[in-house]
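Coordinates from work.cif are shown below (mmCIF, C-alpha atoms).
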data_run
#
loop_
_atom_site.label_atom_id
_atom_site.label_comp_id
_atom_site.auth_asym_id
_atom_site.auth_seq_id
_atom_site.Cartn_x
_atom_site.Cartn_y
_atom_site.Cartn_z
CA MET A 18 37.60 -69.58 -53.28
CA THR A 19 39.95 -69.35 -50.31
CA ASP A 20 38.63 -68.94 -46.77
CA PHE A 21 40.24 -65.50 -46.55
CA TYR A 22 38.59 -64.38 -49.79
CA ARG A 23 35.23 -65.83 -48.77
CA LYS A 24 35.27 -63.96 -45.47
CA SER A 25 36.48 -60.75 -47.12
CA TYR A 26 33.82 -61.01 -49.83
CA LYS A 27 31.09 -61.50 -47.25
CA PHE A 28 31.95 -58.22 -45.53
CA THR A 29 33.05 -56.07 -48.49
CA ALA A 30 31.07 -57.04 -51.62
CA GLY A 31 27.84 -55.45 -50.40
CA PHE A 32 29.68 -52.30 -49.39
CA PHE A 33 31.31 -51.88 -52.79
CA ARG A 34 28.05 -52.61 -54.61
CA ARG A 35 26.47 -49.72 -52.74
CA PHE A 36 29.54 -47.48 -52.91
CA TYR A 37 29.74 -47.77 -56.71
CA ARG A 38 25.98 -48.26 -57.17
CA ILE A 39 26.56 -51.51 -59.04
CA SER A 40 23.82 -53.29 -60.95
CA VAL A 41 24.67 -56.69 -62.41
CA ILE A 42 23.09 -57.99 -65.61
CA GLY A 43 23.72 -61.38 -67.19
CA ALA A 44 25.23 -63.04 -64.09
CA GLU A 45 23.98 -66.39 -65.44
CA ASN A 46 26.58 -66.10 -68.22
CA VAL A 47 29.44 -66.54 -65.74
CA PRO A 48 30.13 -70.27 -65.25
CA GLU A 49 29.89 -71.27 -61.60
CA THR A 50 32.84 -73.65 -61.86
CA GLY A 51 35.78 -74.33 -64.16
CA GLY A 52 38.45 -72.18 -65.72
CA VAL A 53 37.13 -68.99 -67.30
CA ILE A 54 38.40 -65.57 -68.33
CA LEU A 55 36.35 -62.48 -67.56
CA ALA A 56 37.29 -59.86 -70.14
CA PRO A 57 36.13 -56.35 -69.15
CA ASN A 58 36.81 -52.99 -70.71
CA HIS A 59 39.22 -50.97 -68.57
CA THR A 60 38.14 -47.59 -67.18
CA THR A 61 39.94 -47.03 -63.86
CA ASP A 62 42.06 -48.78 -61.23
CA VAL A 63 38.95 -49.85 -59.32
CA ASP A 64 37.59 -51.97 -62.20
CA VAL A 65 39.03 -55.05 -60.50
CA ILE A 66 36.99 -54.28 -57.37
CA VAL A 67 33.82 -53.61 -59.35
CA VAL A 68 34.01 -56.89 -61.28
CA ALA A 69 34.96 -58.86 -58.16
CA ALA A 70 31.93 -57.45 -56.33
CA ALA A 71 29.68 -58.41 -59.26
CA VAL A 72 30.40 -62.15 -59.24
CA LYS A 73 30.18 -64.86 -56.61
CA ARG A 74 33.47 -66.48 -57.59
CA GLN A 75 36.95 -65.43 -56.66
CA VAL A 76 38.49 -63.60 -59.61
CA ARG A 77 42.28 -63.67 -59.91
CA TYR A 78 44.15 -60.74 -61.43
CA MET A 79 47.65 -59.78 -62.46
CA ALA A 80 49.00 -56.84 -60.46
CA LYS A 81 52.15 -54.77 -60.90
CA ALA A 82 55.12 -56.53 -59.32
CA GLU A 83 56.03 -53.33 -57.46
CA LEU A 84 52.85 -53.57 -55.39
CA PHE A 85 53.96 -56.85 -53.84
CA ARG A 86 56.99 -55.10 -52.37
CA VAL A 87 54.83 -52.63 -50.43
CA PRO A 88 54.57 -53.67 -46.76
CA LEU A 89 51.15 -55.06 -45.81
CA LEU A 90 49.66 -54.24 -49.23
CA GLY A 91 51.66 -56.98 -50.90
CA LYS A 92 50.48 -59.57 -48.40
CA LEU A 93 46.88 -58.38 -48.65
CA ILE A 94 46.60 -58.52 -52.43
CA SER A 95 48.33 -61.91 -52.45
CA LYS A 96 45.73 -63.25 -50.01
CA LEU A 97 43.00 -61.80 -52.23
CA GLY A 98 44.38 -63.78 -55.17
CA ALA A 99 46.45 -61.28 -57.13
CA PHE A 100 49.73 -62.42 -58.67
CA PRO A 101 52.64 -60.33 -59.96
CA VAL A 102 53.44 -59.24 -63.48
CA ASN A 103 56.35 -57.13 -64.68
CA ARG A 104 54.74 -54.44 -66.79
CA GLY A 105 56.53 -53.22 -69.89
CA LYS A 106 58.11 -56.62 -70.47
CA ASN A 107 57.03 -59.89 -71.99
CA ASP A 108 56.55 -61.57 -68.62
CA VAL A 109 56.46 -65.24 -69.61
CA SER A 110 56.23 -66.31 -65.97
CA ALA A 111 53.03 -64.30 -65.40
CA VAL A 112 51.50 -65.76 -68.57
CA LYS A 113 52.38 -69.29 -67.47
CA THR A 114 50.88 -68.60 -64.03
CA THR A 115 47.67 -67.35 -65.64
CA ILE A 116 47.36 -70.42 -67.86
CA SER A 117 48.05 -72.70 -64.89
CA LEU A 118 45.35 -71.02 -62.80
CA LEU A 119 42.83 -71.37 -65.62
CA GLU A 120 43.71 -75.02 -66.20
CA SER A 121 43.17 -75.66 -62.49
CA GLY A 122 39.63 -74.25 -62.72
CA GLU A 123 40.11 -70.66 -61.55
CA ALA A 124 38.42 -67.50 -62.85
CA VAL A 125 40.88 -64.87 -64.07
CA GLY A 126 40.20 -61.28 -65.06
CA LEU A 127 42.09 -60.00 -68.10
CA PHE A 128 41.65 -56.61 -69.77
CA PRO A 129 41.78 -56.94 -73.59
CA GLN A 130 42.74 -53.25 -73.88
CA GLY A 131 45.75 -53.83 -71.66
CA THR A 132 45.63 -50.43 -70.01
CA ARG A 133 43.07 -47.98 -68.66
CA HIS A 134 41.02 -45.79 -71.00
CA PRO A 135 39.03 -43.48 -68.69
CA GLY A 136 36.58 -41.19 -70.44
CA GLU A 137 37.01 -42.94 -73.81
CA ASP A 138 34.56 -44.77 -76.02
CA PRO A 139 35.78 -48.39 -75.81
CA ARG A 140 34.84 -48.94 -79.44
CA GLU A 141 37.63 -46.53 -80.39
CA THR A 142 40.44 -48.11 -78.34
CA LYS A 143 43.14 -50.57 -79.29
CA VAL A 144 43.05 -54.20 -78.23
CA LEU A 145 46.01 -56.47 -77.47
CA GLY A 146 46.20 -60.14 -78.36
CA GLY A 147 46.98 -61.54 -74.90
CA VAL A 148 43.46 -62.51 -73.85
CA ALA A 149 42.97 -64.69 -76.94
CA MET A 150 46.43 -66.25 -76.69
CA ILE A 151 45.96 -67.19 -73.03
CA ALA A 152 42.42 -68.47 -73.60
CA ALA A 153 43.57 -70.61 -76.53
CA HIS A 154 46.46 -72.16 -74.61
CA ALA A 155 44.32 -72.83 -71.53
CA GLY A 156 41.32 -74.05 -73.54
CA VAL A 157 38.81 -71.98 -71.54
CA PRO A 158 35.85 -69.75 -72.47
CA VAL A 159 35.96 -65.97 -72.30
CA VAL A 160 33.04 -64.01 -70.86
CA PRO A 161 32.67 -60.56 -72.49
CA THR A 162 32.24 -58.12 -69.61
CA LEU A 163 31.08 -54.54 -69.92
CA ILE A 164 31.71 -51.96 -67.21
CA LEU A 165 29.30 -49.18 -68.08
CA THR A 166 29.14 -45.77 -66.43
CA LYS A 167 28.48 -42.22 -67.49
CA LYS A 168 31.67 -40.80 -69.06
CA MET A 169 33.23 -44.28 -68.76
CA LYS A 170 34.83 -43.54 -65.41
CA VAL A 171 33.92 -45.63 -62.39
CA HIS A 172 33.28 -43.14 -59.61
CA ALA A 173 31.93 -43.37 -56.08
CA PHE A 174 28.12 -43.07 -55.94
CA ARG A 175 27.85 -42.90 -59.75
CA LYS A 176 25.66 -45.59 -61.32
CA THR A 177 27.73 -48.51 -62.60
CA TYR A 178 26.45 -51.44 -64.66
CA VAL A 179 28.41 -54.67 -64.96
CA VAL A 180 27.03 -56.63 -67.91
CA PHE A 181 28.14 -60.20 -68.67
CA GLY A 182 27.63 -61.47 -72.20
CA LYS A 183 27.42 -65.07 -73.38
CA PRO A 184 30.79 -66.85 -73.20
CA VAL A 185 32.99 -67.13 -76.27
CA THR A 186 33.77 -70.85 -76.41
CA PRO A 187 37.26 -72.35 -76.76
CA GLU A 188 36.23 -73.67 -80.18
CA GLU A 189 35.25 -70.19 -81.33
CA ILE A 190 38.50 -68.74 -80.04
CA ALA A 191 40.55 -71.42 -81.82
CA ALA A 192 38.70 -70.70 -85.07
CA LEU A 193 39.21 -66.95 -84.67
CA ALA A 194 42.92 -67.35 -83.91
CA GLY A 195 43.49 -69.51 -86.98
CA GLU A 196 46.08 -72.17 -87.73
CA GLY A 197 49.02 -72.02 -85.35
CA GLY A 198 47.54 -69.10 -83.43
CA THR A 199 48.69 -66.53 -85.97
CA GLY A 200 45.58 -64.42 -85.45
CA TYR A 201 45.54 -63.82 -81.70
CA ARG A 202 45.20 -60.07 -82.18
CA ALA A 203 42.25 -60.50 -84.54
CA ALA A 204 40.70 -63.02 -82.16
CA ALA A 205 41.08 -60.61 -79.24
CA GLU A 206 39.49 -57.84 -81.29
CA ALA A 207 36.56 -60.13 -82.07
CA ILE A 208 36.19 -60.95 -78.37
CA PHE A 209 36.28 -57.28 -77.44
CA ALA A 210 33.67 -56.56 -80.10
CA ARG A 211 31.40 -58.84 -78.04
CA VAL A 212 32.10 -56.54 -75.08
CA THR A 213 31.19 -53.36 -76.96
CA ASP A 214 28.13 -55.07 -78.45
CA LEU A 215 26.76 -55.01 -74.88
CA LEU A 216 26.56 -51.21 -75.00
CA PRO A 217 22.91 -50.09 -75.06
CA GLU A 218 21.52 -48.54 -78.20
CA GLY A 219 21.95 -44.79 -78.14
CA TRP A 220 24.71 -44.83 -75.55
CA SER A 221 27.24 -42.00 -75.58
CA LEU A 222 29.93 -40.87 -73.16
CA GLY A 223 27.70 -38.14 -71.77
CA SER A 224 24.66 -40.33 -71.13
CA LEU A 225 23.71 -43.55 -69.38
CA PRO A 226 20.47 -45.12 -70.60
CA ALA A 227 18.88 -47.46 -68.08
CA LEU A 228 19.44 -51.09 -69.00
CA PRO A 229 16.41 -53.40 -68.91
CA ALA A 230 16.33 -56.39 -66.59
CA PRO A 231 16.46 -59.77 -68.41
CA GLU A 232 13.07 -60.95 -69.61
CA ASP A 233 13.53 -64.48 -68.30
CA GLY A 234 14.12 -63.26 -64.78
CA LYS A 235 17.68 -64.63 -64.64
CA GLY A 236 20.66 -62.47 -63.90
CA LYS A 237 18.52 -59.78 -62.34
CA GLU A 238 20.05 -56.48 -61.47
CA SER A 239 21.45 -56.43 -57.98
#
As structure tokens, the full file:
Amino acid sequence: MTDFYRKSYKFTAGFFRRFYRISVIGAENVPETGGVILAPNHTTDVDVIVVAAAVKRQVRYMAKAELFRVPLLGKLISKLGAFPVNRGKNDVSAVKTTISLLESGEAVGLFPQGTRHPGEDPRETKVLGGVAMIAAHAGVPVVPTLILTKKMKVHAFRKTYVVFGKPVTPEEIAALAGEGGTGYRAAAEAIFARVTDLLPEGWSLGSLPALPAPEDGKGKES
């Protein structure tokens, strides 16, 4: 975690937790050190802020290359740890950067769905293979991450749960991907199934059942 990020987190994380009414469950499932991918469902543009406010590590993200050309904004998001990706293309450079960050022990956020799906049941959305491919090449675990709100749209002052599931190990990912990595898409779908498995029983887009705190007292809501 850079000094700039540490200072920014100290002053902003609490604000965003209150602003989006964030409760965190399963925080103990996020490794404190070492390369790891956090793999959330994607609801809105502020998902990156919500997940970042829910963990005590710096989370690196890809951001549209165009944003880095905006005065001040580009410098700010760079200092916060974002790195550019050219959307709509197979950006090999961004993939290599992601793998390098993971191999150096960083936490990186990747959305298995690829794009936002506000107001949609995540169980009915398509999943891309990138998260499994990157995890396999970097040899790091993937933490299934559920962003849960009513109507699946993160909104100011609307209750938001961030739920972290048990990590999918590199060995599991390699087995899911198969020989030569021919099954990255299937592996990514299996990883995302771990995300949707975190949905509470009886959940629907129009409701938000309260999630219980962990029985062992770890990962308490916050």
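Closest approach to Val72 in chain A among A:Lys92, A:Lys143, A:Arg34, A:Lys168 is made by A:Arg34 (distances from all atoms listed in the file).
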Nearest to Thr166 in chain A by atom-to-atom distance, counting all atoms listed in the file, from A:Asp138, A:Glu206, A:Glu196, A:Glu120
A:Asp138
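Between CA of Arg133 in chain A and CA of Val160 in chain A the separation is 19.0 Å.
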For the file shown, what are the residues hit by the PyMOL selection byres ((chain A and resi 181) around 7), laid out as a PyMOL selection string?
chain A and resi 42-44+46+160-163+179-180+182-183
What would the file look like if the residues just selected were written as a compact mmCIF listing (two decimals), keeping the file's coordinate frame with C-alpha atoms?
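What landed in selection.txt:
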# COMPACT_ATOMS: atom_id res chain seq x y z
CA ILE A 42 23.09 -57.99 -65.61
CA GLY A 43 23.72 -61.38 -67.19
CA ALA A 44 25.23 -63.04 -64.09
CA ASN A 46 26.58 -66.10 -68.22
CA VAL A 160 33.04 -64.01 -70.86
CA PRO A 161 32.67 -60.56 -72.49
CA THR A 162 32.24 -58.12 -69.61
CA LEU A 163 31.08 -54.54 -69.92
CA VAL A 179 28.41 -54.67 -64.96
CA VAL A 180 27.03 -56.63 -67.91
CA GLY A 182 27.63 -61.47 -72.20
CA LYS A 183 27.42 -65.07 -73.38
Selection in question (the file shown): the PyMOL selection byres ((chain A and resi 208) around 8). Which residues does it include, as a PyMOL selection string?
chain A and resi 149+159+161+185+204-207+209-212
Could you tell me, as a VMD selection string, which residues have any atom at most 12 Å from (38.9, -48.3, -66.4), counting all atoms listed in the file?
chain A and resid 57 to 68 128 to 139 163 to 166 168 to 172 177
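Proximity of A:Met18, A:Val125, A:Val53, A:Ile39 to Thr186 in chain A, computed with only C-alpha atoms, is greatest for A:Val53.
Once the PyMOL selection byres ((chain A and resi 224) around 10) is applied to the shown structure, the selection contains Thr166, Lys167, Lys168, Met169, Gly219, Trp220, Ser221, Leu222, Gly223, Leu225, Pro226 and Ala227 of chain A.
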re CA of Ala30 in chain A and CA of Leu97 in chain A: distance 12.9 Å
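Rounded to one decimal, CA of Ala192 in chain A and CA of Gln75 in chain A lie 28.9 Å from each other.
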Write out N, CA and C atoms for range 184-207 of chain A, as an mmCIF file, in the frame of the given file.
data_model
loop_
_atom_site.group_PDB
_atom_site.id
_atom_site.type_symbol
_atom_site.label_atom_id
_atom_site.label_comp_id
_atom_site.auth_asym_id
_atom_site.auth_seq_id
_atom_site.Cartn_x
_atom_site.Cartn_y
_atom_site.Cartn_z
ATOM 1 N N PRO A 184 29.378 -66.482 -73.046
ATOM 2 C CA PRO A 184 30.790 -66.850 -73.200
ATOM 3 C C PRO A 184 31.169 -67.137 -74.656
ATOM 4 N N VAL A 185 32.384 -66.740 -74.997
ATOM 5 C CA VAL A 185 32.990 -67.130 -76.270
ATOM 6 C C VAL A 185 33.682 -68.460 -76.000
ATOM 7 N N THR A 186 33.289 -69.499 -76.709
ATOM 8 C CA THR A 186 33.770 -70.850 -76.410
ATOM 9 C C THR A 186 35.208 -71.048 -76.879
ATOM 10 N N PRO A 187 35.897 -72.044 -76.296
ATOM 11 C CA PRO A 187 37.260 -72.350 -76.760
ATOM 12 C C PRO A 187 37.310 -72.671 -78.246
ATOM 13 N N GLU A 188 36.265 -73.333 -78.747
ATOM 14 C CA GLU A 188 36.230 -73.670 -80.180
ATOM 15 C C GLU A 188 36.154 -72.411 -81.036
ATOM 16 N N GLU A 189 35.339 -71.448 -80.603
ATOM 17 C CA GLU A 189 35.250 -70.190 -81.330
ATOM 18 C C GLU A 189 36.579 -69.449 -81.318
ATOM 19 N N ILE A 190 37.226 -69.450 -80.162
ATOM 20 C CA ILE A 190 38.500 -68.740 -80.040
ATOM 21 C C ILE A 190 39.554 -69.382 -80.936
ATOM 22 N N ALA A 191 39.597 -70.720 -80.962
ATOM 23 C CA ALA A 191 40.550 -71.420 -81.820
ATOM 24 C C ALA A 191 40.313 -71.083 -83.288
ATOM 25 N N ALA A 192 39.029 -71.026 -83.687
ATOM 26 C CA ALA A 192 38.700 -70.700 -85.070
ATOM 27 C C ALA A 192 39.084 -69.261 -85.399
ATOM 28 N N LEU A 193 38.868 -68.354 -84.453
ATOM 29 C CA LEU A 193 39.210 -66.950 -84.670
ATOM 30 C C LEU A 193 40.722 -66.749 -84.762
ATOM 31 N N ALA A 194 41.468 -67.504 -83.938
ATOM 32 C CA ALA A 194 42.920 -67.350 -83.910
ATOM 33 C C ALA A 194 43.589 -67.935 -85.140
ATOM 34 N N GLY A 195 42.947 -68.937 -85.755
ATOM 35 C CA GLY A 195 43.490 -69.510 -86.980
ATOM 36 C C GLY A 195 44.572 -70.545 -86.725
ATOM 37 N N GLU A 196 45.076 -71.120 -87.788
ATOM 38 C CA GLU A 196 46.080 -72.170 -87.730
ATOM 39 C C GLU A 196 47.354 -71.675 -87.052
ATOM 40 N N GLY A 197 47.778 -72.391 -86.030
ATOM 41 C CA GLY A 197 49.020 -72.020 -85.350
ATOM 42 C C GLY A 197 48.908 -70.776 -84.499
ATOM 43 N N GLY A 198 47.707 -70.273 -84.284
ATOM 44 C CA GLY A 198 47.540 -69.100 -83.430
ATOM 45 C C GLY A 198 48.105 -67.821 -84.021
ATOM 46 N N THR A 199 48.101 -67.721 -85.338
ATOM 47 C CA THR A 199 48.690 -66.530 -85.970
ATOM 48 C C THR A 199 47.768 -65.311 -85.866
ATOM 49 N N GLY A 200 46.521 -65.534 -85.475
ATOM 50 C CA GLY A 200 45.580 -64.420 -85.450
ATOM 51 C C GLY A 200 45.091 -64.061 -84.060
ATOM 52 N N TYR A 201 45.971 -64.131 -83.058
ATOM 53 C CA TYR A 201 45.540 -63.820 -81.700
ATOM 54 C C TYR A 201 45.013 -62.388 -81.573
ATOM 55 N N ARG A 202 45.652 -61.471 -82.256
ATOM 56 C CA ARG A 202 45.200 -60.070 -82.180
ATOM 57 C C ARG A 202 43.796 -59.933 -82.770
ATOM 58 N N ALA A 203 43.572 -60.556 -83.918
ATOM 59 C CA ALA A 203 42.250 -60.500 -84.540
ATOM 60 C C ALA A 203 41.217 -61.195 -83.663
ATOM 61 N N ALA A 204 41.615 -62.309 -83.041
ATOM 62 C CA ALA A 204 40.700 -63.020 -82.160
ATOM 63 C C ALA A 204 40.339 -62.176 -80.951
ATOM 64 N N ALA A 205 41.335 -61.489 -80.385
ATOM 65 C CA ALA A 205 41.080 -60.610 -79.240
ATOM 66 C C ALA A 205 40.173 -59.453 -79.627
ATOM 67 N N GLU A 206 40.359 -58.925 -80.820
ATOM 68 C CA GLU A 206 39.490 -57.840 -81.290
ATOM 69 C C GLU A 206 38.056 -58.327 -81.449
ATOM 70 N N ALA A 207 37.903 -59.562 -81.927
ATOM 71 C CA ALA A 207 36.560 -60.130 -82.070
ATOM 72 C C ALA A 207 35.912 -60.340 -80.710
#
